[in-house]
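Source file: target_8.csv. Holds: CSV, C-alpha atoms and all ligand atoms.
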```csv
chain,number,residue,atom,x,y,z
R,1,MET,CA,6.1,13.9,-3.0
R,2,LEU,CA,2.7,13.8,-4.7
R,3,PHE,CA,1.1,10.9,-6.5
R,4,CYS,CA,-1.5,11.5,-9.2
R,5,PHE,CA,-4.7,9.4,-9.2
R,6,ARG,CA,-7.6,10.1,-11.6
R,7,GLY,CA,-6.9,13.8,-11.5
R,8,CYS,CA,-6.6,14.1,-7.8
R,9,GLU,CA,-3.3,14.4,-5.9
R,10,PHE,CA,-2.6,12.5,-2.7
R,11,PRO,CA,0.5,12.7,-0.6
R,12,MET,CA,2.6,9.6,-1.5
R,13,SER,CA,2.6,8.5,2.2
R,14,LYS,CA,-1.2,7.9,1.9
R,15,MET,CA,-0.6,5.5,-1.0
R,16,GLU,CA,2.1,3.4,0.8
R,17,LYS,CA,0.9,0.1,2.0
R,18,VAL,CA,1.4,-0.8,5.7
R,19,VAL,CA,2.7,-4.2,6.6
R,20,LEU,CA,2.9,-5.4,10.2
R,21,VAL,CA,4.7,-8.6,11.1
R,22,THR,CA,4.5,-10.2,14.6
R,23,GLY,CA,7.6,-12.1,15.7
R,24,ALA,CA,9.6,-10.2,13.1
R,25,ASN,CA,12.9,-10.1,14.9
R,26,SER,CA,14.1,-13.6,13.8
R,27,GLY,CA,13.6,-16.7,11.7
R,28,ILE,CA,10.8,-16.7,9.1
R,29,GLY,CA,9.3,-13.4,10.2
R,30,LEU,CA,12.6,-11.6,9.7
R,31,ALA,CA,13.2,-13.3,6.3
R,32,LEU,CA,9.7,-12.2,5.2
R,33,CYS,CA,10.5,-8.6,6.1
R,34,GLU,CA,13.7,-8.8,4.0
R,35,ARG,CA,11.7,-10.2,1.0
R,36,VAL,CA,9.0,-7.7,1.2
R,37,LEU,CA,11.5,-4.8,1.3
R,38,LEU,CA,13.3,-6.3,-1.7
R,39,HIS,CA,9.9,-6.3,-3.5
R,40,SER,CA,9.1,-2.7,-2.9
R,41,SER,CA,10.6,0.3,-1.2
R,42,ARG,CA,7.2,1.9,-1.1
R,43,ILE,CA,5.9,0.2,2.0
R,44,ARG,CA,5.8,1.1,5.7
R,45,LEU,CA,7.0,-1.9,7.6
R,46,CYS,CA,6.3,-2.4,11.3
R,47,LEU,CA,8.2,-5.1,13.3
R,48,ALA,CA,5.9,-6.1,16.2
R,49,CYS,CA,8.1,-7.9,18.8
R,50,ARG,CA,8.1,-8.6,22.5
R,51,ASN,CA,11.8,-7.8,23.0
R,52,MET,CA,12.7,-4.2,22.0
R,53,ARG,CA,16.5,-4.9,22.0
R,54,ARG,CA,16.0,-7.8,19.5
R,55,ALA,CA,13.5,-5.7,17.5
R,56,GLU,CA,16.0,-2.8,17.2
R,57,ALA,CA,18.8,-5.2,16.1
R,58,ALA,CA,16.5,-6.6,13.4
R,59,ARG,CA,15.5,-3.1,12.2
R,60,ALA,CA,19.2,-2.0,12.1
R,61,GLY,CA,20.0,-5.2,10.1
R,62,LEU,CA,17.3,-4.5,7.6
R,63,LEU,CA,18.3,-0.9,7.2
R,64,VAL,CA,21.8,-1.8,6.3
R,65,ALA,CA,20.5,-3.5,3.1
R,66,HIS,CA,17.6,-1.0,2.7
R,67,PRO,CA,18.8,2.4,3.8
R,68,GLY,CA,16.0,4.9,3.9
R,69,ALA,CA,13.3,2.3,4.2
R,70,ASP,CA,10.3,3.1,6.4
R,71,ILE,CA,10.8,0.5,9.2
R,72,SER,CA,9.5,1.0,12.7
R,73,ILE,CA,9.3,-1.2,15.7
R,74,LEU,CA,6.4,-1.8,18.1
R,75,ARG,CA,6.3,-3.5,21.5
R,76,LEU,CA,3.9,-6.4,21.3
R,77,ASP,CA,3.8,-9.5,23.5
R,78,VAL,CA,1.0,-11.6,22.0
R,79,SER,CA,0.8,-13.7,25.2
R,80,SER,CA,-0.3,-10.7,27.3
R,81,VAL,CA,-3.8,-9.3,26.8
R,82,LYS,CA,-2.7,-5.9,28.2
R,83,SER,CA,0.2,-5.7,25.8
R,84,VAL,CA,-2.1,-6.6,22.8
R,85,LEU,CA,-4.5,-3.8,23.7
R,86,GLU,CA,-1.7,-1.3,24.1
R,87,ALA,CA,-0.1,-2.3,20.9
R,88,ALA,CA,-3.5,-2.0,19.0
R,89,LYS,CA,-3.9,1.5,20.4
R,90,GLU,CA,-0.4,2.5,19.2
R,91,ILE,CA,-1.0,1.0,15.7
R,92,LYS,CA,-4.2,3.0,15.4
R,93,LYS,CA,-2.3,6.1,16.4
R,94,ARG,CA,0.6,5.5,14.1
R,95,TYR,CA,-1.1,4.4,10.9
R,96,GLN,CA,-4.3,5.3,8.9
R,97,ARG,CA,-4.4,1.9,7.2
R,98,LEU,CA,-3.2,-1.6,7.6
R,99,ASP,CA,-2.9,-3.6,4.4
R,100,TYR,CA,-1.1,-6.8,5.6
R,101,LEU,CA,-1.1,-8.2,9.1
R,102,TYR,CA,1.2,-11.2,9.4
R,103,LEU,CA,0.3,-13.3,12.4
R,104,ASN,CA,3.6,-15.0,12.6
R,105,ALA,CA,4.8,-15.0,16.3
R,106,GLY,CA,4.8,-18.5,17.7
R,107,ILE,CA,6.2,-20.7,20.4
R,108,MET,CA,6.7,-24.4,21.0
R,109,PRO,CA,7.8,-24.4,24.7
R,110,ASN,CA,9.8,-27.3,26.3
R,111,PRO,CA,9.4,-29.6,23.4
R,112,GLN,CA,10.0,-33.3,24.2
R,113,ILE,CA,11.0,-35.6,21.5
R,114,SER,CA,10.1,-39.3,21.6
R,115,PHE,CA,13.4,-40.9,20.6
R,116,LYS,CA,11.7,-44.3,20.3
R,117,ALA,CA,9.3,-42.9,17.7
R,118,PHE,CA,12.2,-41.0,16.1
R,119,PHE,CA,14.5,-44.0,15.6
R,120,ASN,CA,11.5,-46.3,14.6
R,121,GLY,CA,10.4,-43.7,12.1
R,122,LEU,CA,13.8,-42.8,10.8
R,123,PHE,CA,14.2,-46.2,9.1
R,124,SER,CA,10.6,-46.5,8.0
R,125,ARG,CA,8.5,-45.4,5.1
R,126,LYS,CA,7.1,-42.7,7.3
R,127,ALA,CA,10.5,-41.0,7.8
R,128,ILE,CA,9.8,-38.0,5.5
R,129,SER,CA,6.3,-37.2,6.7
R,130,MET,CA,7.4,-37.7,10.3
R,131,PHE,CA,10.1,-35.0,9.9
R,132,ALA,CA,7.8,-32.8,7.9
R,133,THR,CA,4.8,-32.8,10.3
R,134,GLY,CA,6.4,-34.0,13.6
R,135,GLU,CA,3.5,-36.4,13.9
R,136,GLY,CA,3.9,-38.8,16.9
R,137,LEU,CA,7.3,-37.2,17.6
R,138,LEU,CA,6.7,-34.1,19.6
R,139,THR,CA,5.0,-33.2,22.9
R,140,GLN,CA,5.3,-29.9,24.8
R,141,GLN,CA,4.8,-28.6,28.3
R,142,ASP,CA,2.5,-25.7,28.4
R,143,CYS,CA,1.8,-23.2,31.3
R,144,VAL,CA,-0.8,-20.7,32.3
R,145,THR,CA,-0.2,-16.9,31.8
R,146,SER,CA,-1.0,-14.2,34.3
R,147,ASP,CA,-4.3,-13.7,32.3
R,148,GLY,CA,-5.2,-17.3,33.2
R,149,LEU,CA,-4.8,-18.5,29.6
R,150,GLN,CA,-2.8,-21.4,28.2
R,151,GLU,CA,0.5,-19.9,27.0
R,152,VAL,CA,0.7,-21.7,23.6
R,153,PHE,CA,-2.9,-21.0,22.8
R,154,VAL,CA,-2.7,-17.3,23.6
R,155,THR,CA,0.7,-16.8,21.9
R,156,ASN,CA,0.0,-18.7,18.7
R,157,LEU,CA,-3.7,-17.9,18.4
R,158,PHE,CA,-5.7,-15.9,20.8
R,159,GLY,CA,-3.4,-12.9,21.3
R,160,HIS,CA,-3.5,-12.5,17.5
R,161,PHE,CA,-7.3,-12.9,17.4
R,162,LEU,CA,-7.6,-10.1,20.0
R,163,LEU,CA,-5.3,-7.9,17.9
R,164,ILE,CA,-7.4,-8.5,14.8
R,165,ARG,CA,-10.6,-7.6,16.7
R,166,GLU,CA,-9.1,-4.5,18.1
R,167,LEU,CA,-7.9,-3.4,14.7
R,168,GLU,CA,-11.1,-4.2,12.9
R,169,PRO,CA,-12.0,-0.6,12.0
R,170,MET,CA,-8.6,-0.2,10.3
R,171,LEU,CA,-8.7,-3.6,8.6
R,172,CYS,CA,-12.2,-3.2,7.2
R,173,GLN,CA,-12.2,0.1,5.3
R,174,PRO,CA,-14.6,0.7,2.4
R,175,GLY,CA,-13.1,0.5,-1.0
R,176,ARG,CA,-9.9,-1.3,0.2
R,177,THR,CA,-8.8,-4.9,1.0
R,178,SER,CA,-6.6,-6.0,3.9
R,179,GLN,CA,-5.0,-9.4,4.4
R,180,LEU,CA,-4.4,-11.5,7.5
R,181,ILE,CA,-1.7,-14.1,7.0
R,182,TRP,CA,-1.2,-16.8,9.6
R,183,THR,CA,2.0,-18.8,9.9
R,184,SER,CA,0.5,-22.2,10.5
R,185,SER,CA,2.2,-25.6,10.2
R,186,SER,CA,1.8,-29.0,8.7
R,187,ASN,CA,1.9,-30.1,12.4
R,188,ALA,CA,-1.7,-28.6,12.6
R,189,ARG,CA,-3.6,-31.8,13.2
R,190,ARG,CA,-7.4,-32.2,13.7
R,191,SER,CA,-6.8,-35.1,16.1
R,192,ALA,CA,-4.8,-32.7,18.5
R,193,PHE,CA,-7.7,-30.2,18.7
R,194,SER,CA,-10.9,-30.4,20.6
R,195,LEU,CA,-13.6,-27.8,20.8
R,196,GLU,CA,-14.3,-28.7,24.4
R,197,ASP,CA,-10.7,-28.0,25.4
R,198,TYR,CA,-9.6,-25.6,22.7
R,199,GLN,CA,-6.9,-24.1,24.9
R,200,HIS,CA,-5.5,-27.6,25.1
R,201,SER,CA,-5.1,-27.6,28.9
R,202,GLN,CA,-5.6,-31.3,29.2
R,203,GLY,CA,-3.3,-32.5,26.3
R,204,VAL,CA,0.4,-32.8,25.5
R,205,GLU,CA,0.3,-31.3,22.0
R,206,PRO,CA,-0.6,-27.6,22.5
R,207,TYR,CA,1.4,-26.5,19.5
R,208,SER,CA,-0.4,-28.8,17.1
R,209,SER,CA,-3.7,-27.8,18.6
R,210,SER,CA,-3.0,-24.1,18.4
R,211,LYS,CA,-1.9,-24.4,14.7
R,212,TYR,CA,-5.1,-26.3,13.8
R,213,ALA,CA,-7.0,-23.6,15.7
R,214,SER,CA,-5.5,-21.0,13.4
R,215,ASP,CA,-6.6,-23.0,10.4
R,216,LEU,CA,-10.1,-23.2,11.7
R,217,LEU,CA,-10.2,-19.5,12.7
R,218,SER,CA,-9.0,-18.4,9.3
R,219,VAL,CA,-11.9,-20.2,7.6
R,220,ALA,CA,-14.4,-18.5,10.1
R,221,LEU,CA,-12.8,-15.1,9.6
R,222,ASN,CA,-13.2,-15.3,5.9
R,223,ARG,CA,-16.8,-16.2,6.3
R,224,HIS,CA,-17.4,-13.2,8.6
R,225,TYR,CA,-15.2,-10.5,7.1
R,226,ASN,CA,-14.8,-11.1,3.3
R,227,LYS,CA,-17.8,-8.8,2.6
R,228,GLN,CA,-16.0,-6.1,4.5
R,229,GLY,CA,-12.8,-6.5,2.4
R,230,LEU,CA,-10.8,-8.4,5.0
R,231,TYR,CA,-9.3,-11.8,3.8
R,232,SER,CA,-7.5,-14.4,5.9
R,233,THR,CA,-4.9,-17.0,4.6
R,234,VAL,CA,-2.9,-19.7,6.3
R,235,ILE,CA,0.5,-20.8,5.2
R,236,CYS,CA,2.9,-23.5,6.2
R,237,PRO,CA,6.6,-22.6,5.9
R,238,GLY,CA,7.8,-26.3,5.8
R,239,LEU,CA,10.6,-27.4,8.0
R,240,VAL,CA,12.9,-24.5,8.7
R,241,MET,CA,16.0,-24.2,10.8
R,242,THR,CA,15.2,-21.4,13.2
R,243,ASN,CA,15.3,-20.7,17.0
R,244,LEU,CA,12.1,-22.7,17.2
R,245,THR,CA,13.6,-25.9,15.6
R,246,TYR,CA,16.9,-25.4,17.6
R,247,GLY,CA,14.7,-25.6,20.7
R,248,ILE,CA,13.5,-29.1,19.8
R,249,LEU,CA,16.9,-30.8,19.5
R,250,PRO,CA,20.4,-29.7,20.7
R,251,SER,CA,22.2,-27.8,18.0
R,252,PHE,CA,25.0,-30.5,17.7
R,253,PHE,CA,22.3,-33.0,16.8
R,254,TRP,CA,20.9,-30.8,14.0
R,255,THR,CA,24.5,-30.3,12.8
R,256,LEU,CA,24.9,-34.1,12.7
R,257,ILE,CA,21.7,-34.8,10.8
R,258,LEU,CA,21.8,-31.7,8.5
R,259,PRO,CA,23.6,-33.5,5.7
R,260,ILE,CA,21.0,-36.2,5.8
R,261,MET,CA,18.2,-33.6,5.7
R,262,TRP,CA,19.8,-31.9,2.6
R,263,LEU,CA,19.9,-35.3,1.0
R,264,ILE,CA,16.2,-36.0,2.0
R,265,ARG,CA,15.4,-32.8,0.2
R,266,ILE,CA,15.9,-34.6,-3.1
R,267,PHE,CA,12.9,-36.7,-2.3
R,268,THR,CA,10.6,-34.2,-0.5
R,269,ASN,CA,9.8,-30.6,-1.1
R,270,THR,CA,8.8,-29.7,2.4
R,271,PHE,CA,12.3,-29.4,3.8
R,272,THR,CA,12.6,-25.7,3.0
R,273,LEU,CA,15.4,-25.5,5.7
R,274,THR,CA,16.4,-21.8,5.3
R,275,PRO,CA,14.2,-18.9,6.6
R,276,TYR,CA,14.3,-17.4,3.2
R,277,ASN,CA,12.8,-20.5,1.6
R,278,GLY,CA,10.4,-20.9,4.5
R,279,ALA,CA,9.1,-17.4,3.9
R,280,GLU,CA,8.2,-18.2,0.3
R,281,ALA,CA,4.5,-18.7,0.8
R,282,LEU,CA,4.2,-15.7,3.1
R,283,TYR,CA,5.8,-13.6,0.4
R,284,TRP,CA,3.8,-15.2,-2.4
R,285,VAL,CA,0.5,-14.3,-0.7
R,286,PHE,CA,1.8,-10.7,-0.4
R,287,ILE,CA,1.8,-10.4,-4.2
R,288,GLN,CA,-1.5,-12.1,-4.8
R,289,LYS,CA,-5.0,-10.6,-5.1
R,290,PRO,CA,-6.6,-11.8,-1.8
R,291,GLU,CA,-10.0,-12.4,-3.6
R,292,ALA,CA,-8.3,-15.0,-5.8
R,293,LEU,CA,-7.0,-17.1,-2.8
R,294,ASP,CA,-8.8,-20.2,-1.7
R,295,PRO,CA,-10.1,-19.6,1.9
R,296,ARG,CA,-10.1,-23.4,2.6
R,297,ALA,CA,-6.5,-24.0,1.3
R,298,LYS,CA,-3.2,-23.8,3.2
R,299,TYR,CA,-0.4,-22.4,1.1
R,300,HIS,CA,2.8,-24.3,1.5
R,301,SER,CA,6.3,-23.1,1.0
R,302,LEU,CA,8.1,-25.8,-0.9
R,303,THR,CA,11.7,-26.2,-2.1
R,304,SER,CA,12.8,-28.5,-4.9
R,305,GLY,CA,15.9,-30.8,-4.8
R,306,PHE,CA,17.7,-28.1,-6.8
R,307,GLY,CA,16.9,-25.5,-4.2
R,308,ASN,CA,14.1,-23.7,-6.1
R,309,SER,CA,11.3,-22.3,-3.9
R,310,TYR,CA,7.7,-22.2,-4.9
R,311,THR,CA,4.2,-22.2,-3.3
R,312,GLU,CA,1.5,-24.8,-3.6
R,313,PRO,CA,-2.0,-24.8,-2.1
R,314,LYS,CA,-3.4,-27.9,-0.3
R,315,LYS,CA,-7.0,-28.3,0.9
R,316,MET,CA,-7.3,-28.1,4.7
R,317,ASP,CA,-9.1,-30.8,6.8
R,318,ILE,CA,-11.7,-28.3,8.1
R,319,ASP,CA,-15.3,-28.6,9.0
R,320,GLU,CA,-17.2,-25.3,8.5
R,321,GLU,CA,-19.5,-25.9,11.5
R,322,MET,CA,-16.6,-26.6,13.8
R,323,ALA,CA,-14.9,-23.4,12.5
R,324,GLU,CA,-18.0,-21.4,13.3
R,325,ALA,CA,-18.5,-23.0,16.7
R,326,PHE,CA,-14.9,-22.2,17.6
R,327,TYR,CA,-15.3,-18.6,16.4
R,328,VAL,CA,-18.2,-18.2,18.8
R,329,GLU,CA,-16.1,-19.6,21.6
R,330,LEU,CA,-13.4,-17.1,20.9
R,331,LEU,CA,-15.8,-14.2,20.9
R,332,ARG,CA,-17.0,-15.4,24.3
R,333,LEU,CA,-13.5,-15.6,25.6
R,334,GLU,CA,-12.7,-12.2,24.2
R,335,ASN,CA,-15.7,-10.8,26.1
R,336,GLN,CA,-14.5,-12.4,29.3
R,337,VAL,CA,-10.9,-11.3,29.2
R,338,LEU,CA,-12.0,-7.7,28.3
R,339,ARG,CA,-14.4,-7.7,31.2
R,340,ASN,CA,-11.6,-8.9,33.5
R,341,ILE,CA,-9.3,-6.1,32.3
R,342,THR,CA,-12.0,-3.5,32.9
R,343,GLN,CA,-12.6,-4.9,36.4
R,344,GLU,CA,-8.9,-4.9,37.2
R,345,LYS,CA,-8.6,-1.3,36.1
R,346,ARG,CA,-11.6,-0.4,38.3
R,347,ASN,CA,-10.1,-2.3,41.3
R,348,SER,CA,-6.7,-0.6,40.9
R,349,SER,CA,-8.3,2.9,40.6
R,350,ILE,CA,-10.4,2.2,43.8
R,351,ARG,CA,-7.1,1.1,45.6
R,352,LEU,CA,-5.4,4.3,44.4
R,353,GLN,CA,-8.3,6.5,45.6
R,354,LYS,CA,-8.2,4.7,49.0
R,355,ALA,CA,-4.5,5.2,49.3
R,356,GLN,CA,-4.9,8.8,48.4
R,357,ARG,CA,-7.6,9.3,51.0
R,358,ASN,CA,-5.4,7.6,53.7
R,359,GLN,CA,-2.5,9.9,52.8
R,360,ASP,CA,-4.8,13.0,53.0
R,361,PHE,CA,-6.1,11.8,56.4
R,362,ILE,CA,-2.5,11.2,57.8
R,363,ALA,CA,-1.4,14.6,56.4
I,1,LIG,N1,10.6,-23.4,11.9
I,1,LIG,C1,9.7,-24.2,11.5
I,1,LIG,O1,10.1,-25.3,11.0
I,1,LIG,C2,8.3,-23.9,11.5
I,1,LIG,C3,7.4,-24.8,10.9
I,1,LIG,C4,6.0,-24.5,10.9
I,1,LIG,C5,5.6,-23.3,11.5
I,1,LIG,N2,6.5,-22.5,12.0
I,1,LIG,C6,5.9,-21.2,12.6
I,1,LIG,O2,6.6,-20.1,12.1
I,1,LIG,C7,6.5,-19.0,13.0
I,1,LIG,C8,7.8,-18.3,13.1
I,1,LIG,O3,8.7,-19.2,13.8
I,1,LIG,P1,10.2,-19.4,13.5
I,1,LIG,O4,10.4,-20.8,13.0
I,1,LIG,O5,10.7,-18.3,12.6
I,1,LIG,O6,10.9,-19.3,14.9
I,1,LIG,P2,11.6,-18.1,15.7
I,1,LIG,O7,12.8,-17.7,15.0
I,1,LIG,O8,11.7,-18.6,17.1
I,1,LIG,O9,10.5,-17.0,15.6
I,1,LIG,C9,9.4,-16.8,16.4
I,1,LIG,C10,9.2,-15.4,16.6
I,1,LIG,O10,8.0,-15.2,17.4
I,1,LIG,C11,8.3,-14.3,18.5
I,1,LIG,N3,7.5,-14.5,19.7
I,1,LIG,C12,7.4,-15.6,20.5
I,1,LIG,N4,6.6,-15.4,21.5
I,1,LIG,C13,6.1,-14.2,21.3
I,1,LIG,C14,5.3,-13.3,22.1
I,1,LIG,N5,4.7,-13.8,23.2
I,1,LIG,N6,5.0,-12.1,21.6
I,1,LIG,C15,5.6,-11.6,20.5
I,1,LIG,N7,6.4,-12.3,19.8
I,1,LIG,C16,6.7,-13.6,20.2
I,1,LIG,C17,9.8,-14.6,18.8
I,1,LIG,O11,10.3,-13.5,19.5
I,1,LIG,P3,11.6,-13.7,20.5
I,1,LIG,O12,12.8,-13.6,19.6
I,1,LIG,O13,11.5,-12.6,21.5
I,1,LIG,O14,11.5,-15.1,21.1
I,1,LIG,C18,10.3,-14.7,17.4
I,1,LIG,O15,10.5,-13.4,16.8
I,1,LIG,C19,5.9,-19.6,14.3
I,1,LIG,O16,4.5,-19.3,14.3
I,1,LIG,C20,6.1,-21.1,14.1
I,1,LIG,O17,5.1,-21.8,14.8
I,1,LIG,C21,7.8,-22.7,12.1
```

Represent the structure of the file as structure tokens.
Ligand SMILES: NC(=O)c1ccc[n+]([C@@H]2O[C@H](COP(=O)([O-])OP(=O)(O)OC[C@H]3O[C@@H](n4cnc5c(N)ncnc54)[C@H](OP(=O)(O)O)[C@@H]3O)[C@@H](O)[C@H]2O)c1
Amino acid sequence: MLFCFRGCEFPMSKMEKVVLVTGANSGIGLALCERVLLHSSRIRLCLACRNMRRAEAARAGLLVAHPGADISILRLDVSSVKSVLEAAKEIKKRYQRLDYLYLNAGIMPNPQISFKAFFNGLFSRKAISMFATGEGLLTQQDCVTSDGLQEVFVTNLFGHFLLIRELEPMLCQPGRTSQLIWTSSSNARRSAFSLEDYQHSQGVEPYSSSKYASDLLSVALNRHYNKQGLYSTVICPGLVMTNLTYGILPSFFWTLILPIMWLIRIFTNTFTLTPYNGAEALYWVFIQKPEALDPRAKYHSLTSGFGNSYTEPKKMDIDEEMAEAFYVELLRLENQVLRNITQEKRNSSIRLQKAQRNQDFIA
């Protein structure tokens, strides 16, 4: 099929926008895929997931409602440097352009809830904001990955940063804009983040720290890349019932308090609750001109008491200098991990050569 543009004819496939979503096999990521496909059948959608079985199941589910849609899956474990580099290579091979990169995959491992804070807060004026932001309520236990990085930091932020850097030539193409969209959180708090310990190895709120880090990074990315046509936006999905939230409290507890939460929704708009509503701001950004978005705002998915979804921007608590200093630290860390990978490759090739020589000698 050919498409006519100012007298020239291009194959239709070249005009189709490419949308890649990390963590697309469940929750908010999957709901976003559904919404994007409902909006347009003329997109190429890539589900970038760590588990191929779950990715295939998500793809099959989307194809039931959208037969014939161009949906592919890609192996990507954002917590592994090697996996990110391999995925980036594969993306460059598969596509000639990348219009939307949704940086959505995220974890909150071993969350511990302070029941004392929970019950104190439940009957206080802070109840709604406590539920909406998790402030004072949640701590997590982080661990170190085989790359020597804090798992929450690398999954929620650094793996995505590496991916952006590897895909830079695709994302910054002359005469075209591309968008980075981060699924941040209202749990992103400045007080949980420190430039001296940006991986949050010393603290107990790695999730909050990593989400604040994504807010900072987005501001810095806009500063460095807008001139090259690349725009970054952060969104907050509100409080959504997904695998992530079911990891915080046992499911029977959520079932117990769900009626209360639906009631609270009459007084607050941040309880989006369903993945469809949570994906509102991610979808809204999809249909905006990136140049028109405020680089210092976080776009929130909100749902009214009557269940209507909408998006609203709120200024972020960001210091430009801190954002810049953090960006420099990330570039430094990128350099270091890439050097480590090169060294590892060299060592394994030396080991292989040695083994080969020994075998030849024995033979
Ligand atoms: N739910 C909320 O109330 C809420 C609020 C604020 C922000 N968020 C953010 O929303 C985003 C989506 O979360 P969700 O609520 O939809 O939870 P979810 O259903 O658990 O989705 C998380 C997705 O991330 C993927 N993922 C986790 N670690 C990964 C890794 N190392 N590599 C690749 N993919 C990985 C998961 O894959 P698997 O299925 O393989 O685990 C899953 O597809 C997260 O960034 C989260 O922080 C959620």

Each chain R residue no farther than 6 Å from ligand LIG 1 (chain I), nearest pair in Å, all atoms listed in the file, as a Markdown table:
```
| residue | atom | partner | partner_atom | distance |
| --- | --- | --- | --- | --- |
| R:Thr22 | CA | I:LIG1 | N7 | 5.9 |
| R:Gly23 | CA | I:LIG1 | O15 | 3.4 |
| R:Ala24 | CA | I:LIG1 | O15 | 5.0 |
| R:Asn25 | CA | I:LIG1 | O15 | 4.5 |
| R:Ser26 | CA | I:LIG1 | O7 | 4.5 |
| R:Gly27 | CA | I:LIG1 | O5 | 3.4 |
| R:Ile28 | CA | I:LIG1 | O5 | 3.8 |
| R:Gly29 | CA | I:LIG1 | O5 | 5.6 |
| R:Cys49 | CA | I:LIG1 | C15 | 4.8 |
| R:Arg50 | CA | I:LIG1 | C15 | 4.4 |
| R:Asn51 | CA | I:LIG1 | O13 | 5.0 |
| R:Leu76 | CA | I:LIG1 | C15 | 5.5 |
| R:Asp77 | CA | I:LIG1 | N6 | 3.4 |
| R:Val78 | CA | I:LIG1 | N6 | 4.1 |
| R:Ser79 | CA | I:LIG1 | N5 | 4.4 |
| R:Asn104 | CA | I:LIG1 | O16 | 4.7 |
| R:Ala105 | CA | I:LIG1 | O10 | 3.4 |
| R:Gly106 | CA | I:LIG1 | O16 | 3.5 |
| R:Ile107 | CA | I:LIG1 | C12 | 5.2 |
| R:Thr155 | CA | I:LIG1 | N5 | 5.2 |
| R:Thr183 | CA | I:LIG1 | O16 | 5.1 |
| R:Ser184 | CA | I:LIG1 | C5 | 5.3 |
| R:Ser185 | CA | I:LIG1 | C4 | 4.0 |
| R:Cys236 | CA | I:LIG1 | C4 | 5.7 |
| R:Pro237 | CA | I:LIG1 | C4 | 5.4 |
| R:Gly238 | CA | I:LIG1 | C3 | 5.3 |
| R:Leu239 | CA | I:LIG1 | O1 | 3.7 |
| R:Val240 | CA | I:LIG1 | O1 | 3.7 |
| R:Met241 | CA | I:LIG1 | N1 | 5.6 |
| R:Thr242 | CA | I:LIG1 | O7 | 4.8 |
| R:Asn243 | CA | I:LIG1 | O8 | 4.2 |
| R:Leu244 | CA | I:LIG1 | O8 | 4.1 |
| R:Thr245 | CA | I:LIG1 | N1 | 5.4 |
```

Q: Could you tell me how far CA of His66 (chain R) lies from CA of Pro290 (chain R), in Å and to one decimal?
A: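 According to the coordinates, CA of His66 (chain R) and CA of Pro290 (chain R) are separated by 26.9 Å.
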
Q) Please, what distance in Å, to one decimal, runs between CA of Ile113 (chain R) and CA of Leu137 (chain R)? A) 5.6 Å

Around (5.2, -5.7, 7.9) in the file's own coordinates, what residues are found within 9 Å if you use all atoms listed in the file, given back as a tab-separated table (two decimals) with C-alpha atoms, in the frame of the given file?
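Saved result, part_24.tsv, follows:
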```
chain	number	residue	atom	x	y	z
R	18	VAL	CA	1.40	-0.80	5.70
R	19	VAL	CA	2.70	-4.20	6.60
R	20	LEU	CA	2.90	-5.40	10.20
R	21	VAL	CA	4.70	-8.60	11.10
R	22	THR	CA	4.50	-10.20	14.60
R	24	ALA	CA	9.60	-10.20	13.10
R	32	LEU	CA	9.70	-12.20	5.20
R	33	CYS	CA	10.50	-8.60	6.10
R	36	VAL	CA	9.00	-7.70	1.20
R	43	ILE	CA	5.90	0.20	2.00
R	44	ARG	CA	5.80	1.10	5.70
R	45	LEU	CA	7.00	-1.90	7.60
R	46	CYS	CA	6.30	-2.40	11.30
R	47	LEU	CA	8.20	-5.10	13.30
R	48	ALA	CA	5.90	-6.10	16.20
R	71	ILE	CA	10.80	0.50	9.20
R	100	TYR	CA	-1.10	-6.80	5.60
R	101	LEU	CA	-1.10	-8.20	9.10
R	102	TYR	CA	1.20	-11.20	9.40
```

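Reported to one decimal place, the separation of CA of Glu280 (chain R) from CA of Asn226 (chain R) is 24.3 Å.
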
Q) Can you tell me, as a list of chain:residue names, what residues are no more than 10 Å from Thr303 (chain R) when counting only C-alpha atoms, ignoring any on the same chain fewer than 6 positions away? A)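 So, after excluding close chain neighbours, the residues are R:Gly238, R:Arg265, R:Ile266, R:Thr268, R:Asn269, R:Thr270, R:Phe271, R:Thr272, R:Leu273, R:Thr274, R:Asn277, R:Gly278, R:Glu280, R:Ser309, R:Tyr310, R:Thr311.
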
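If all atoms listed in the file are the atoms counted, then among R:Cys172, R:Leu63, R:Leu122, R:Arg35 the closest residue to Gln96 (chain R) is R:Cys172.
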
Q.
Give me, as number ranges by chain, all polymer residues having an atom no more than 12 Å from Asn340 (chain R), counting only C-alpha atoms and skipping those fewer than 4 positions away in the same chain.
A. R: 81-82, 146-148, 333-336, 344-347

Q. For Gln228 (chain R), which of R:Leu180, R:Leu171, R:Leu195, R:Ala325 is the closest residue, counting all atoms listed in the file?
A. R:Leu171

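Restricting the calculation to all atoms listed in the file, the smallest distance between Glu324 (chain R) and any of R:His224, R:Arg190, R:Lys92, R:Lys289 is found for R:His224.
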
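Across R:Arg125, R:Met170, R:Ala65, R:Leu74, the tightest approach to Met52 (chain R) is made by R:Leu74 when counting all atoms listed in the file.
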
With only C-alpha atoms as the counted atoms, please give the residues lying no more than 8 Å from region 202-207 of chain R, apart from itself and same-chain residues fewer than 4 positions off, as a compact mmCIF listing (two decimals) with C-alpha atoms, keeping the file's coordinate frame.
```txt
# COMPACT_ATOMS: atom_id res chain seq x y z
CA ILE R 107 6.20 -20.70 20.40
CA MET R 108 6.70 -24.40 21.00
CA LEU R 138 6.70 -34.10 19.60
CA THR R 139 5.00 -33.20 22.90
CA GLN R 140 5.30 -29.90 24.80
CA GLN R 141 4.80 -28.60 28.30
CA ASP R 142 2.50 -25.70 28.40
CA VAL R 152 0.70 -21.70 23.60
CA PHE R 153 -2.90 -21.00 22.80
CA ASN R 156 0.00 -18.70 18.70
CA ASN R 187 1.90 -30.10 12.40
CA ALA R 188 -1.70 -28.60 12.60
CA ALA R 192 -4.80 -32.70 18.50
CA ASP R 197 -10.70 -28.00 25.40
CA LYS R 211 -1.90 -24.40 14.70
```
